[in-house]
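Undergrad: Here it is, the structure in full.
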Amino acid sequence: MSENSARLESVVDTNRFVSGAISPHGSPRRLLRAWYNQRFLLLLSDQQHAELTDVLRRPKLEAQFRLDAEELAQLFSGLDAARRAEPRSVVPVQLRDPNDVMILAAALGGDADYLVTGDNDLLEHQDAAGLGKLRIVTVNKFLAILNDPEARRR
């Protein structure tokens with residue numbers, strides 16, 4: 001997808017999804033709303049889809065955060081409909097956490113415009129060679145980009 005496209009193809013790190021689902025306030029929730037409103041296209045690997053489904057269906061999580069069944073159904077429906085990304089077998093940077101490799105590999109393999117994360121281990125590689133057009137950004141930066149197309153060039 002080009003920089004001028006209205007809807008950017010993006011991978012969202014698992015922890016940002018979970019944060020958006022369990023907290024009714026904050027940037028991760030605004031990110032989920034932007035996705036629900038089709039302001040960007042979500043890319044997921046099969047592995048991330050399975051991880052999200054497993055985590056968000058844990059009874060302890062549902063009980064502790066009183067997750068709304070209707071909201072969860074909407075979330076699962078959206079995850080099921082998201083475009084699948086075939087992860088790259090090799091990523092161009094050395095990451096400490098294997099879960100980060102999974103997310104970055106999906107973003108690169110899916111030819112994503114953005115990888116949205118709060119993980120400093122990923123964010124420190126935002127200017128790494130070999131990422132092509134992929135930009136690694138925080139939730140707040142991505143929301144600013146969605147609200148101001150000129151921010152994509154900064």
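Ordered as shown in the structure tokens, chains take letters A, B, and onward, while each chain numbers its residues from 1 and ligands are numbered from 1 in the order shown.
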Check which residues of stretch 10-60 of chain A sit at most 8 Å from stretch 95-108 of chain A using only C-alpha atoms, and return one row each with the closest pair of atoms and their distance in Å to one decimal, ordered by chain and rising number, as a Markdown table.
TA:
| residue | atom | partner | partner_atom | distance |
| --- | --- | --- | --- | --- |
| A:Ser10 | CA | A:Ala107 | CA | 7.2 |
| A:Val11 | CA | A:Ala107 | CA | 5.7 |
| A:Asp13 | CA | A:Ile103 | CA | 6.5 |
| A:Leu43 | CA | A:Ala107 | CA | 7.5 |
| A:Leu44 | CA | A:Ala106 | CA | 6.8 |
| A:Ser45 | CA | A:Ala106 | CA | 5.7 |
| A:Gln47 | CA | A:Met102 | CA | 7.9 |
| A:Gln48 | CA | A:Ile103 | CA | 7.5 |
Undergrad: Those same residues, written as a tab-separated table (two decimals), in the first residue's frame with N, CA and C atoms?
TA:
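Output below, filename selection-v1.tsv:
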chain	number	residue	atom	x	y	z
A	10	SER	N	-1.15	-2.67	8.49
A	10	SER	CA	-0.36	-2.60	9.71
A	10	SER	C	-0.47	-3.86	10.54
A	11	VAL	N	0.64	-4.19	11.18
A	11	VAL	CA	0.68	-5.25	12.18
A	11	VAL	C	0.67	-4.55	13.53
A	13	ASP	N	1.24	-5.14	17.55
A	13	ASP	CA	1.84	-6.06	18.52
A	13	ASP	C	0.76	-6.59	19.48
A	43	LEU	N	-3.01	-6.70	9.59
A	43	LEU	CA	-2.33	-7.90	9.11
A	43	LEU	C	-1.97	-8.75	10.32
A	44	LEU	N	-2.19	-10.05	10.22
A	44	LEU	CA	-1.86	-10.99	11.31
A	44	LEU	C	-1.24	-12.24	10.72
A	45	SER	N	-0.28	-12.79	11.42
A	45	SER	CA	0.18	-14.13	11.07
A	45	SER	C	-0.78	-15.12	11.73
A	47	GLN	N	0.14	-17.46	13.60
A	47	GLN	CA	0.67	-17.63	14.96
A	47	GLN	C	0.17	-16.52	15.89
A	48	GLN	N	0.17	-15.28	15.42
A	48	GLN	CA	-0.33	-14.19	16.27
A	48	GLN	C	-1.83	-14.31	16.48
Undergrad: Select from chain A everything DSSP, run on the backbone, classes as strand (DSSP E), then give the selection as an MDAnalysis selection string.
TA: chainID A and resid 8:12 40:44 83:84 114:116 135:137
Undergrad: Go ahead and dump the residues you just picked, C-alpha atoms, as a PDB file, in the first residue's frame.
TA:
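Saved file part08.pdb follows:
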ATOM      1  CA  LEU A   8      -2.482   1.613   5.847  1.00  0.00           C
ATOM      2  CA  GLU A   9      -1.660  -2.067   6.205  1.00  0.00           C
ATOM      3  CA  SER A  10      -0.358  -2.597   9.712  1.00  0.00           C
ATOM      4  CA  VAL A  11       0.678  -5.254  12.179  1.00  0.00           C
ATOM      5  CA  VAL A  12      -0.251  -4.461  15.786  1.00  0.00           C
ATOM      6  CA  PHE A  40      -6.263   0.876   8.782  1.00  0.00           C
ATOM      7  CA  LEU A  41      -6.050  -2.709   7.565  1.00  0.00           C
ATOM      8  CA  LEU A  42      -4.861  -5.256  10.077  1.00  0.00           C
ATOM      9  CA  LEU A  43      -2.330  -7.902   9.108  1.00  0.00           C
ATOM     10  CA  LEU A  44      -1.859 -10.989  11.306  1.00  0.00           C
ATOM     11  CA  ARG A  83      -5.625 -10.366   6.214  1.00  0.00           C
ATOM     12  CA  ARG A  84      -3.096 -13.085   6.945  1.00  0.00           C
ATOM     13  CA  TYR A 114       3.600  -0.045   9.931  1.00  0.00           C
ATOM     14  CA  LEU A 115       4.341  -2.234  12.919  1.00  0.00           C
ATOM     15  CA  VAL A 116       2.577  -0.675  15.920  1.00  0.00           C
ATOM     16  CA  ARG A 135       8.077   1.802   9.940  1.00  0.00           C
ATOM     17  CA  ILE A 136       8.054   0.692  13.566  1.00  0.00           C
ATOM     18  CA  VAL A 137       6.068   3.165  15.670  1.00  0.00           C
TER      19      VAL A 137
END
Undergrad: Just the number, please: distance in Å from atom CA of A:Gly130 to atom CA of A:Ile145, one decimal.
TA: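 Between atom CA of A:Gly130 and atom CA of A:Ile145 the gap works out to 22.4 Å.
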Undergrad: Determine which residues of chain A DSSP labels as helix (DSSP H, G or I) from the backbone of this structure, then write them out as number ranges by chain.
TA: A: 14-22, 27-36, 46-56, 59-65, 69-81, 98-109, 120-123, 139-147, 149-153
Undergrad: Write a file of the selected residues as an mmCIF file, in the first residue's frame, keeping C-alpha atoms.
TA:
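New file out_5.cif:
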data_model
loop_
_atom_site.group_PDB
_atom_site.id
_atom_site.type_symbol
_atom_site.label_atom_id
_atom_site.label_comp_id
_atom_site.auth_asym_id
_atom_site.auth_seq_id
_atom_site.Cartn_x
_atom_site.Cartn_y
_atom_site.Cartn_z
ATOM 1 C CA THR A 14 -0.096 -8.515 20.669
ATOM 2 C CA ASN A 15 0.402 -6.555 23.891
ATOM 3 C CA ARG A 16 -1.254 -3.474 22.358
ATOM 4 C CA PHE A 17 -4.302 -5.545 21.382
ATOM 5 C CA VAL A 18 -4.619 -7.023 24.843
ATOM 6 C CA SER A 19 -4.201 -3.594 26.464
ATOM 7 C CA GLY A 20 -6.899 -2.172 24.204
ATOM 8 C CA ALA A 21 -9.269 -5.022 25.052
ATOM 9 C CA ILE A 22 -8.854 -4.868 28.829
ATOM 10 C CA SER A 27 -4.161 4.855 23.387
ATOM 11 C CA PRO A 28 -4.501 1.085 22.835
ATOM 12 C CA ARG A 29 -8.296 1.389 23.079
ATOM 13 C CA ARG A 30 -8.248 4.297 20.609
ATOM 14 C CA LEU A 31 -6.162 2.098 18.305
ATOM 15 C CA LEU A 32 -8.784 -0.667 18.467
ATOM 16 C CA ARG A 33 -11.509 1.866 17.691
ATOM 17 C CA ALA A 34 -9.556 3.104 14.677
ATOM 18 C CA TRP A 35 -9.306 -0.491 13.450
ATOM 19 C CA TYR A 36 -13.028 -1.123 14.059
ATOM 20 C CA ASP A 46 -1.598 -17.372 11.901
ATOM 21 C CA GLN A 47 0.667 -17.631 14.956
ATOM 22 C CA GLN A 48 -0.325 -14.188 16.266
ATOM 23 C CA HIS A 49 -3.992 -14.915 15.581
ATOM 24 C CA ALA A 50 -3.713 -18.083 17.696
ATOM 25 C CA GLU A 51 -1.863 -16.210 20.446
ATOM 26 C CA LEU A 52 -4.439 -13.419 20.617
ATOM 27 C CA THR A 53 -7.330 -15.853 20.619
ATOM 28 C CA ASP A 54 -5.743 -17.890 23.406
ATOM 29 C CA VAL A 55 -4.887 -14.901 25.593
ATOM 30 C CA LEU A 56 -8.217 -13.111 25.205
ATOM 31 C CA PRO A 59 -11.215 -17.062 31.954
ATOM 32 C CA LYS A 60 -8.913 -15.372 34.463
ATOM 33 C CA LEU A 61 -8.434 -12.407 32.129
ATOM 34 C CA GLU A 62 -12.155 -12.138 31.415
ATOM 35 C CA ALA A 63 -12.974 -12.262 35.129
ATOM 36 C CA GLN A 64 -10.245 -9.898 36.296
ATOM 37 C CA PHE A 65 -11.003 -7.203 33.734
ATOM 38 C CA ALA A 69 -18.839 -10.497 25.749
ATOM 39 C CA GLU A 70 -20.143 -8.353 22.883
ATOM 40 C CA GLU A 71 -16.860 -6.454 22.590
ATOM 41 C CA LEU A 72 -14.914 -9.709 22.638
ATOM 42 C CA ALA A 73 -17.148 -11.153 19.926
ATOM 43 C CA GLN A 74 -16.497 -8.065 17.781
ATOM 44 C CA LEU A 75 -12.772 -8.380 18.407
ATOM 45 C CA PHE A 76 -12.671 -12.092 17.517
ATOM 46 C CA SER A 77 -14.744 -11.495 14.391
ATOM 47 C CA GLY A 78 -12.327 -8.801 13.272
ATOM 48 C CA LEU A 79 -9.303 -10.960 14.008
ATOM 49 C CA ASP A 80 -10.809 -13.795 11.988
ATOM 50 C CA ALA A 81 -11.372 -11.452 9.039
ATOM 51 C CA PRO A 98 11.401 -14.688 20.080
ATOM 52 C CA ASN A 99 7.883 -13.209 20.253
ATOM 53 C CA ASP A 100 9.265 -9.983 18.792
ATOM 54 C CA VAL A 101 10.774 -11.955 15.912
ATOM 55 C CA MET A 102 7.326 -13.420 15.186
ATOM 56 C CA ILE A 103 5.752 -9.943 15.014
ATOM 57 C CA LEU A 104 8.520 -8.367 12.919
ATOM 58 C CA ALA A 105 8.612 -11.365 10.558
ATOM 59 C CA ALA A 106 4.859 -11.050 9.985
ATOM 60 C CA ALA A 107 5.123 -7.312 9.303
ATOM 61 C CA LEU A 108 7.919 -7.842 6.788
ATOM 62 C CA GLY A 109 6.319 -10.890 5.180
ATOM 63 C CA ASN A 120 11.288 -0.874 23.231
ATOM 64 C CA ASP A 121 13.171 -3.897 21.874
ATOM 65 C CA LEU A 122 11.319 -3.428 18.567
ATOM 66 C CA LEU A 123 11.260 0.379 18.649
ATOM 67 C CA VAL A 139 0.538 3.592 19.265
ATOM 68 C CA ASN A 140 0.480 7.363 19.793
ATOM 69 C CA LYS A 141 2.646 7.982 16.715
ATOM 70 C CA PHE A 142 0.435 5.703 14.615
ATOM 71 C CA LEU A 143 -2.728 7.436 15.814
ATOM 72 C CA ALA A 144 -1.151 10.779 14.884
ATOM 73 C CA ILE A 145 -0.355 9.397 11.425
ATOM 74 C CA LEU A 146 -3.946 8.229 10.989
ATOM 75 C CA ASN A 147 -5.190 11.679 11.969
ATOM 76 C CA PRO A 149 -1.466 12.087 6.614
ATOM 77 C CA GLU A 150 1.382 14.630 6.509
ATOM 78 C CA ALA A 151 2.795 12.947 9.657
ATOM 79 C CA ARG A 152 3.642 9.923 7.481
ATOM 80 C CA ARG A 153 6.461 11.876 5.929
#
Undergrad: Using Å and a single decimal, report how far atom CA of A:Ala82 sits from atom CA of A:Ala112.
TA: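 Going from atom CA of A:Ala112 over to atom CA of A:Ala82, I get 12.9 Å.
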